[in-house]
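What's in data-v9.csv: CSV, N, CA and C atoms
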chain,number,residue,atom,x,y,z
A,1,PRO,N,145.2,102.5,130.7
A,1,PRO,CA,145.5,101.1,130.4
A,1,PRO,C,144.3,100.3,130.0
A,2,THR,N,144.6,99.3,129.1
A,2,THR,CA,143.5,98.4,128.7
A,2,THR,C,143.4,97.3,129.8
A,3,ILE,N,142.2,97.1,130.3
A,3,ILE,CA,142.0,96.2,131.4
A,3,ILE,C,140.7,95.4,131.0
A,4,THR,N,140.7,94.1,131.2
A,4,THR,CA,139.5,93.2,131.0
A,4,THR,C,139.0,92.8,132.4
A,5,LEU,N,137.7,93.1,132.7
A,5,LEU,CA,137.1,92.8,133.9
A,5,LEU,C,135.8,92.1,133.7
A,6,ALA,N,135.3,91.3,134.6
A,6,ALA,CA,134.0,90.7,134.5
A,6,ALA,C,132.9,91.7,135.0
A,7,SER,N,131.8,91.7,134.3
A,7,SER,CA,130.6,92.5,134.8
A,7,SER,C,130.0,91.7,135.9
A,8,ALA,N,129.0,92.4,136.6
A,8,ALA,CA,128.3,91.7,137.7
A,8,ALA,C,127.5,90.5,137.2
A,9,ASP,N,127.2,90.5,135.9
A,9,ASP,CA,126.5,89.3,135.4
A,9,ASP,C,127.4,88.3,134.7
A,10,GLY,N,128.7,88.5,134.8
A,10,GLY,CA,129.7,87.5,134.3
A,10,GLY,C,130.2,87.7,132.9
A,11,ARG,N,129.8,88.8,132.2
A,11,ARG,CA,130.4,89.1,130.9
A,11,ARG,C,131.8,89.7,131.0
A,12,GLN,N,132.6,89.4,130.1
A,12,GLN,CA,134.0,90.1,130.1
A,12,GLN,C,133.9,91.4,129.3
A,13,VAL,N,134.4,92.4,130.0
A,13,VAL,CA,134.3,93.8,129.4
A,13,VAL,C,135.7,94.4,129.4
A,14,GLU,N,136.1,94.9,128.2
A,14,GLU,CA,137.4,95.5,128.1
A,14,GLU,C,137.3,97.0,128.2
A,15,ILE,N,138.0,97.6,129.2
A,15,ILE,CA,138.0,99.0,129.4
A,15,ILE,C,139.3,99.6,129.0
A,16,PRO,N,139.4,100.8,128.5
A,16,PRO,CA,138.3,101.8,128.4
A,16,PRO,C,137.6,101.7,127.1
A,17,GLN,N,137.9,100.7,126.2
A,17,GLN,CA,137.2,100.6,124.9
A,17,GLN,C,135.7,100.5,125.1
A,18,ALA,N,135.2,99.9,126.2
A,18,ALA,CA,133.7,99.7,126.4
A,18,ALA,C,133.1,101.1,126.6
A,19,TRP,N,133.9,102.1,127.0
A,19,TRP,CA,133.3,103.4,127.3
A,19,TRP,C,133.6,104.4,126.1
A,20,ALA,N,134.1,103.9,125.1
A,20,ALA,CA,134.5,104.8,124.0
A,20,ALA,C,133.4,105.7,123.5
A,21,GLY,N,133.7,107.0,123.4
A,21,GLY,CA,132.7,107.9,122.9
A,21,GLY,C,131.8,108.6,124.0
A,22,LYS,N,132.0,108.1,125.2
A,22,LYS,CA,131.2,108.7,126.3
A,22,LYS,C,132.2,109.2,127.5
A,23,THR,N,131.8,110.3,128.0
A,23,THR,CA,132.5,110.7,129.3
A,23,THR,C,132.0,109.7,130.4
A,24,THR,N,132.9,109.2,131.1
A,24,THR,CA,132.6,108.1,132.1
A,24,THR,C,133.1,108.5,133.5
A,25,LEU,N,132.3,108.4,134.5
A,25,LEU,CA,132.7,108.6,135.9
A,25,LEU,C,132.8,107.1,136.4
A,26,VAL,N,134.0,106.7,136.7
A,26,VAL,CA,134.3,105.4,137.2
A,26,VAL,C,134.4,105.5,138.7
A,27,ASN,N,133.7,104.7,139.4
A,27,ASN,CA,133.7,104.7,140.9
A,27,ASN,C,134.1,103.4,141.4
A,28,PHE,N,135.2,103.3,142.1
A,28,PHE,CA,135.7,102.1,142.8
A,28,PHE,C,135.1,102.0,144.2
A,29,TRP,N,134.6,100.8,144.5
A,29,TRP,CA,133.9,100.6,145.8
A,29,TRP,C,134.1,99.2,146.3
A,30,ALA,N,133.6,98.9,147.5
A,30,ALA,CA,133.6,97.5,148.0
A,30,ALA,C,132.4,97.4,149.0
A,31,SER,N,131.9,96.2,149.1
A,31,SER,CA,130.7,96.0,150.0
A,31,SER,C,131.0,96.3,151.5
A,32,TRP,N,132.2,96.3,151.9
A,32,TRP,CA,132.6,96.6,153.3
A,32,TRP,C,133.0,98.0,153.5
A,33,CYS,N,132.9,98.9,152.5
A,33,CYS,CA,133.3,100.3,152.6
A,33,CYS,C,132.0,101.1,152.8
A,34,ALA,N,131.8,101.6,154.1
A,34,ALA,CA,130.6,102.3,154.4
A,34,ALA,C,130.5,103.6,153.6
A,35,PRO,N,131.6,104.4,153.4
A,35,PRO,CA,131.4,105.7,152.6
A,35,PRO,C,131.1,105.3,151.2
A,36,CYS,N,131.6,104.2,150.7
A,36,CYS,CA,131.2,103.8,149.3
A,36,CYS,C,129.7,103.6,149.2
A,37,LEU,N,129.2,102.8,150.1
A,37,LEU,CA,127.8,102.5,150.1
A,37,LEU,C,126.9,103.7,150.3
A,38,LYS,N,127.4,104.7,151.1
A,38,LYS,CA,126.6,105.9,151.3
A,38,LYS,C,126.5,106.7,150.0
A,39,GLU,N,127.6,106.8,149.2
A,39,GLU,CA,127.5,107.6,148.0
A,39,GLU,C,126.9,107.0,146.8
A,40,MET,N,126.7,105.7,146.8
A,40,MET,CA,126.2,105.0,145.7
A,40,MET,C,124.8,105.4,145.3
A,41,PRO,N,123.8,105.6,146.2
A,41,PRO,CA,122.5,106.1,145.8
A,41,PRO,C,122.6,107.5,145.1
A,42,GLU,N,123.5,108.4,145.5
A,42,GLU,CA,123.7,109.7,144.9
A,42,GLU,C,124.3,109.5,143.4
A,43,LEU,N,125.2,108.5,143.3
A,43,LEU,CA,125.8,108.2,142.0
A,43,LEU,C,124.7,107.6,141.1
A,44,GLN,N,123.8,106.8,141.6
A,44,GLN,CA,122.6,106.3,140.9
A,44,GLN,C,121.7,107.4,140.4
A,45,ALA,N,121.4,108.4,141.3
A,45,ALA,CA,120.6,109.5,140.9
A,45,ALA,C,121.3,110.3,139.8
A,46,PHE,N,122.6,110.5,139.9
A,46,PHE,CA,123.3,111.3,138.9
A,46,PHE,C,123.3,110.5,137.6
A,47,ALA,N,123.5,109.2,137.6
A,47,ALA,CA,123.5,108.3,136.4
A,47,ALA,C,122.1,108.4,135.7
A,48,ASP,N,121.0,108.4,136.5
A,48,ASP,CA,119.7,108.5,136.0
A,48,ASP,C,119.5,109.9,135.3
A,49,GLU,N,120.0,110.9,135.9
A,49,GLU,CA,119.9,112.3,135.3
A,49,GLU,C,120.6,112.4,134.0
A,50,GLN,N,121.8,111.7,133.9
A,50,GLN,CA,122.7,111.8,132.8
A,50,GLN,C,122.3,110.8,131.6
A,51,ALA,N,121.4,110.0,131.8
A,51,ALA,CA,121.1,108.9,130.8
A,51,ALA,C,121.1,109.3,129.4
A,52,GLY,N,120.5,110.5,129.0
A,52,GLY,CA,120.5,110.9,127.7
A,52,GLY,C,121.6,111.8,127.2
A,53,SER,N,122.5,112.1,128.1
A,53,SER,CA,123.5,113.2,127.8
A,53,SER,C,124.8,112.6,127.2
A,54,GLY,N,125.0,111.3,127.2
A,54,GLY,CA,126.3,110.8,126.8
A,54,GLY,C,127.3,110.6,127.9
A,55,THR,N,126.9,111.0,129.1
A,55,THR,CA,127.8,110.7,130.3
A,55,THR,C,127.3,109.5,131.0
A,56,GLN,N,128.2,108.6,131.4
A,56,GLN,CA,127.7,107.4,132.1
A,56,GLN,C,128.5,107.2,133.4
A,57,VAL,N,127.9,106.5,134.3
A,57,VAL,CA,128.6,106.1,135.6
A,57,VAL,C,128.8,104.6,135.5
A,58,VAL,N,130.0,104.2,135.9
A,58,VAL,CA,130.4,102.7,135.9
A,58,VAL,C,131.0,102.5,137.3
A,59,GLY,N,130.5,101.5,138.0
A,59,GLY,CA,131.1,101.1,139.3
A,59,GLY,C,132.1,100.0,139.0
A,60,ILE,N,133.1,99.9,139.8
A,60,ILE,CA,134.0,98.7,139.8
A,60,ILE,C,134.2,98.3,141.2
A,61,ALA,N,133.7,97.2,141.6
A,61,ALA,CA,133.7,96.6,142.9
A,61,ALA,C,135.0,95.9,143.1
A,62,LEU,N,135.8,96.3,144.1
A,62,LEU,CA,137.0,95.6,144.5
A,62,LEU,C,136.6,94.6,145.6
A,63,ASP,N,136.0,93.5,145.1
A,63,ASP,CA,135.2,92.6,146.0
A,63,ASP,C,135.0,91.3,145.3
A,64,ASP,N,134.3,90.4,146.0
A,64,ASP,CA,133.9,89.2,145.4
A,64,ASP,C,132.5,89.4,144.7
A,65,VAL,N,132.2,88.6,143.7
A,65,VAL,CA,131.0,88.8,143.0
A,65,VAL,C,129.8,88.7,143.8
A,66,ALA,N,129.7,87.7,144.7
A,66,ALA,CA,128.5,87.5,145.5
A,66,ALA,C,128.2,88.7,146.4
A,67,SER,N,129.3,89.2,147.1
A,67,SER,CA,129.1,90.4,148.0
A,67,SER,C,128.7,91.6,147.2
A,68,ALA,N,129.3,91.8,146.0
A,68,ALA,CA,129.0,93.0,145.2
A,68,ALA,C,127.5,92.9,144.7
A,69,ARG,N,127.1,91.7,144.3
A,69,ARG,CA,125.7,91.6,143.8
A,69,ARG,C,124.7,91.9,144.9
A,70,VAL,N,125.0,91.4,146.1
A,70,VAL,CA,124.1,91.7,147.3
A,70,VAL,C,123.9,93.2,147.5
A,71,MET,N,125.0,93.9,147.5
A,71,MET,CA,125.0,95.3,147.7
A,71,MET,C,124.3,96.1,146.6
A,72,LEU,N,124.6,95.7,145.4
A,72,LEU,CA,123.9,96.3,144.2
A,72,LEU,C,122.4,96.1,144.3
A,73,ASP,N,122.0,94.9,144.7
A,73,ASP,CA,120.5,94.7,144.8
A,73,ASP,C,120.0,95.4,146.0
A,74,ARG,N,120.6,95.4,147.1
A,74,ARG,CA,120.1,96.1,148.3
A,74,ARG,C,120.0,97.6,148.1
A,75,LEU,N,120.9,98.2,147.4
A,75,LEU,CA,120.9,99.6,147.1
A,75,LEU,C,120.2,100.0,145.9
A,76,ASP,N,119.7,99.0,145.1
A,76,ASP,CA,119.0,99.2,143.9
A,76,ASP,C,119.8,100.0,142.9
A,77,ILE,N,121.1,99.6,142.7
A,77,ILE,CA,122.0,100.2,141.8
A,77,ILE,C,121.8,99.5,140.4
A,78,THR,N,121.5,100.4,139.4
A,78,THR,CA,121.3,99.8,138.1
A,78,THR,C,122.4,100.3,137.1
A,79,TYR,N,123.3,101.2,137.4
A,79,TYR,CA,124.3,101.6,136.5
A,79,TYR,C,125.3,100.4,136.4
A,80,ALA,N,126.0,100.4,135.3
A,80,ALA,CA,126.9,99.3,135.0
A,80,ALA,C,127.9,99.1,136.1
A,81,ASN,N,128.2,97.8,136.5
A,81,ASN,CA,129.2,97.5,137.5
A,81,ASN,C,130.1,96.4,137.0
A,82,LEU,N,131.4,96.5,137.3
A,82,LEU,CA,132.3,95.5,137.0
A,82,LEU,C,133.0,95.0,138.3
A,83,ILE,N,133.7,93.9,138.3
A,83,ILE,CA,134.2,93.3,139.5
A,83,ILE,C,135.7,93.1,139.2
A,84,ASP,N,136.5,93.4,140.2
A,84,ASP,CA,138.0,93.2,140.2
A,84,ASP,C,138.4,92.7,141.6
A,85,ALA,N,139.4,91.9,141.6
A,85,ALA,CA,140.0,91.5,142.9
A,85,ALA,C,140.9,92.6,143.4
A,86,ALA,N,140.7,93.0,144.7
A,86,ALA,CA,141.6,94.0,145.3
A,86,ALA,C,143.0,93.5,145.4
A,87,GLY,N,143.9,94.4,145.1
A,87,GLY,CA,145.3,94.0,145.2
A,87,GLY,C,146.3,95.1,144.7
A,88,PRO,N,147.6,94.8,144.7
A,88,PRO,CA,148.5,95.8,144.3
A,88,PRO,C,148.5,96.2,142.9
A,89,ALA,N,147.8,95.5,142.0
A,89,ALA,CA,147.7,95.8,140.6
A,89,ALA,C,146.3,95.8,140.1
A,90,ASP,N,145.3,96.1,141.1
A,90,ASP,CA,143.9,96.1,140.7
A,90,ASP,C,143.7,97.3,139.8
A,91,ALA,N,142.4,97.4,139.2
A,91,ALA,CA,142.1,98.5,138.3
A,91,ALA,C,142.2,99.8,138.9
A,92,SER,N,141.9,100.0,140.2
A,92,SER,CA,142.0,101.3,140.8
A,92,SER,C,143.4,101.8,140.8
A,93,VAL,N,144.4,100.9,141.2
A,93,VAL,CA,145.8,101.3,141.2
A,93,VAL,C,146.2,101.6,139.8
A,94,ARG,N,145.8,100.8,138.8
A,94,ARG,CA,146.2,101.0,137.4
A,94,ARG,C,145.6,102.3,136.9
A,95,LEU,N,144.5,102.8,137.5
A,95,LEU,CA,144.0,104.1,137.1
A,95,LEU,C,144.3,105.2,138.1
A,96,GLY,N,145.4,105.1,138.8
A,96,GLY,CA,145.9,106.2,139.6
A,96,GLY,C,145.7,106.2,141.0
A,97,ASP,N,145.1,105.2,141.7
A,97,ASP,CA,144.9,105.2,143.1
A,97,ASP,C,146.1,104.7,143.8
A,98,PRO,N,147.0,105.5,144.2
A,98,PRO,CA,148.3,105.1,144.7
A,98,PRO,C,148.2,104.3,146.1
A,99,ALA,N,147.2,104.7,146.9
A,99,ALA,CA,147.1,104.2,148.2
A,99,ALA,C,146.1,103.1,148.3
A,100,GLY,N,145.3,102.8,147.2
A,100,GLY,CA,144.3,101.8,147.3
A,100,GLY,C,143.1,102.2,148.2
A,101,VAL,N,142.9,103.5,148.4
A,101,VAL,CA,141.8,104.0,149.2
A,101,VAL,C,140.5,104.0,148.5
A,102,LEU,N,139.4,103.6,149.2
A,102,LEU,CA,138.1,103.6,148.7
A,102,LEU,C,137.2,104.5,149.5
A,103,PRO,N,136.2,105.1,148.8
A,103,PRO,CA,136.0,105.1,147.4
A,103,PRO,C,137.0,105.9,146.6
A,104,TYR,N,137.1,105.6,145.4
A,104,TYR,CA,138.0,106.3,144.5
A,104,TYR,C,137.3,106.5,143.2
A,105,SER,N,137.3,107.7,142.6
A,105,SER,CA,136.6,108.0,141.4
A,105,SER,C,137.6,108.5,140.3
A,106,VAL,N,137.3,108.2,139.1
A,106,VAL,CA,138.1,108.6,138.0
A,106,VAL,C,137.1,109.1,136.9
A,107,LEU,N,137.5,110.3,136.3
A,107,LEU,CA,136.7,110.8,135.2
A,107,LEU,C,137.5,110.5,133.9
A,108,VAL,N,136.9,109.7,133.0
A,108,VAL,CA,137.5,109.3,131.8
A,108,VAL,C,136.9,110.0,130.6
A,109,SER,N,137.7,110.6,129.7
A,109,SER,CA,137.2,111.3,128.5
A,109,SER,C,136.6,110.3,127.5
A,110,PRO,N,135.9,110.8,126.6
A,110,PRO,CA,135.3,109.9,125.5
A,110,PRO,C,136.4,109.2,124.7
A,111,ASP,N,137.6,109.7,124.7
A,111,ASP,CA,138.7,109.0,124.0
A,111,ASP,C,139.6,108.2,124.9
A,112,GLY,N,139.1,108.0,126.1
A,112,GLY,CA,139.8,107.1,127.0
A,112,GLY,C,140.9,107.6,127.9
A,113,ARG,N,141.1,109.0,127.9
A,113,ARG,CA,142.1,109.6,128.8
A,113,ARG,C,141.5,109.9,130.2
A,114,VAL,N,142.4,109.7,131.2
A,114,VAL,CA,142.0,110.0,132.5
A,114,VAL,C,142.1,111.5,132.7
A,115,LEU,N,141.0,112.2,133.0
A,115,LEU,CA,140.9,113.6,133.1
A,115,LEU,C,141.2,114.1,134.6
A,116,LYS,N,140.6,113.4,135.5
A,116,LYS,CA,140.9,113.7,136.9
A,116,LYS,C,140.5,112.5,137.8
A,117,THR,N,141.0,112.6,139.0
A,117,THR,CA,140.7,111.5,140.0
A,117,THR,C,140.3,112.1,141.3
A,118,LYS,N,139.6,111.3,142.2
A,118,LYS,CA,139.2,111.8,143.5
A,118,LYS,C,139.3,110.6,144.5
A,119,ILE,N,140.0,110.8,145.5
A,119,ILE,CA,140.0,109.9,146.6
A,119,ILE,C,139.0,110.3,147.7
A,120,GLY,N,138.2,109.4,148.1
A,120,GLY,CA,137.2,109.7,149.1
A,120,GLY,C,135.8,109.9,148.5
A,121,PRO,N,134.8,109.9,149.3
A,121,PRO,CA,133.4,109.9,148.8
A,121,PRO,C,132.9,111.3,148.3
A,122,PHE,N,131.9,111.2,147.5
A,122,PHE,CA,131.1,112.4,147.1
A,122,PHE,C,130.1,112.7,148.2
A,123,ASP,N,129.9,113.9,148.6
A,123,ASP,CA,128.9,114.2,149.7
A,123,ASP,C,127.5,114.1,149.2
A,124,ASN,N,127.2,114.5,148.0
A,124,ASN,CA,125.8,114.5,147.4
A,124,ASN,C,125.9,114.7,145.9
A,125,ARG,N,124.8,114.8,145.3
A,125,ARG,CA,124.7,114.9,143.8
A,125,ARG,C,125.3,116.2,143.4
A,126,LYS,N,125.1,117.3,144.1
A,126,LYS,CA,125.7,118.6,143.8
A,126,LYS,C,127.3,118.5,143.7
A,127,ASP,N,127.8,117.8,144.7
A,127,ASP,CA,129.3,117.5,144.8
A,127,ASP,C,129.7,116.8,143.5
A,128,ILE,N,129.0,115.8,143.1
A,128,ILE,CA,129.3,115.0,141.9
A,128,ILE,C,129.3,115.9,140.7
A,129,GLU,N,128.2,116.7,140.5
A,129,GLU,CA,128.0,117.6,139.4
A,129,GLU,C,129.2,118.6,139.3
A,130,SER,N,129.5,119.2,140.5
A,130,SER,CA,130.6,120.1,140.5
A,130,SER,C,132.0,119.5,140.1
A,131,TRP,N,132.2,118.3,140.6
A,131,TRP,CA,133.5,117.6,140.2
A,131,TRP,C,133.5,117.2,138.7
A,132,MET,N,132.4,117.0,138.1
A,132,MET,CA,132.4,116.6,136.7
A,132,MET,C,132.7,117.8,135.8
A,133,LYS,N,132.6,119.0,136.3
A,133,LYS,CA,132.9,120.2,135.4
A,133,LYS,C,134.4,120.3,135.2
A,134,PRO,N,134.8,120.7,134.0
A,134,PRO,CA,136.2,120.8,133.7
A,134,PRO,C,136.9,121.9,134.5

Representation of the structure as structure tokens:
Amino acid sequence: PTITLASADGRQVEIPQAWAGKTTLVNFWASWCAPCLKEMPELQAFADEQAGSGTQVVGIALDDVASARVMLDRLDITYANLIDAAGPADASVRLGDPAGVLPYSVLVSPDGRVLKTKIGPFDNRKDIESWMKP
């Protein structure tokens, strides 16, 4: 689905158009979600490794802007992050998270199709890399 969200710096971003042409790992998280915060440094390392490959990582915080910014700064997360209000029609639900469980990850193809989803955290970078394979 087409969804418009605010970036952590306040810009409006339309997805999945913003990701067109790139394989995208979308990770839904919140500042109060301990497993989310634990996996984010691994996602950052994966994003850094993938920088030249055409694969990108995008976080979507189901949180308020201030709390999300604090955690992004505290964890030194530099991959793109968007903000959405948690609720029955938030972006995670619209992208297939039936229970609203966090963390929740979605692999989106370069042409905007959802390829796979994952409820729960990644254990480490190897776990992320394995999940990314077709």

Next item on the list: One decimal, Å: what's the distance from CA of Thr23 (chain A) over to CA of Arg74 (chain A), could you say?
Entry: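 So the answer is 27.0 Å.
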
Item checked: Nearest to Trp32 (chain A) by atom-to-atom distance, counting all atoms listed in the file, from A:Leu62, A:Val106, A:Ala91, A:Val114 ->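 Using all atoms listed in the file, the shortest distance to Trp32 (chain A) belongs to A:Leu62.
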
Next item on the list: Compare A:Gly10, A:Pro1, A:Pro103, A:Pro110 by their minimum atom-to-atom distance to Gln56 (chain A), counting only C-alpha atoms, and give me the closest one.
Entry: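 Selected residue with least distance to Gln56 (chain A): A:Pro110.
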
Note to self: Between CA of Ile119 (chain A) and atom C of Pro16 (chain A), what is the distance in Å, rounded to a tenth?
What the structure shows: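 Atom C of Pro16 (chain A) lies at a distance of 21.3 Å from CA of Ile119 (chain A).
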
Check: Can you tell me, as a PyMOL selection string, what residues are no more than 6 Å from Val108 (chain A) when counting only N, CA and C atoms, ignoring any on the same chain fewer than 6 positions away?
Finding: chain A and resi 22-26+114-116
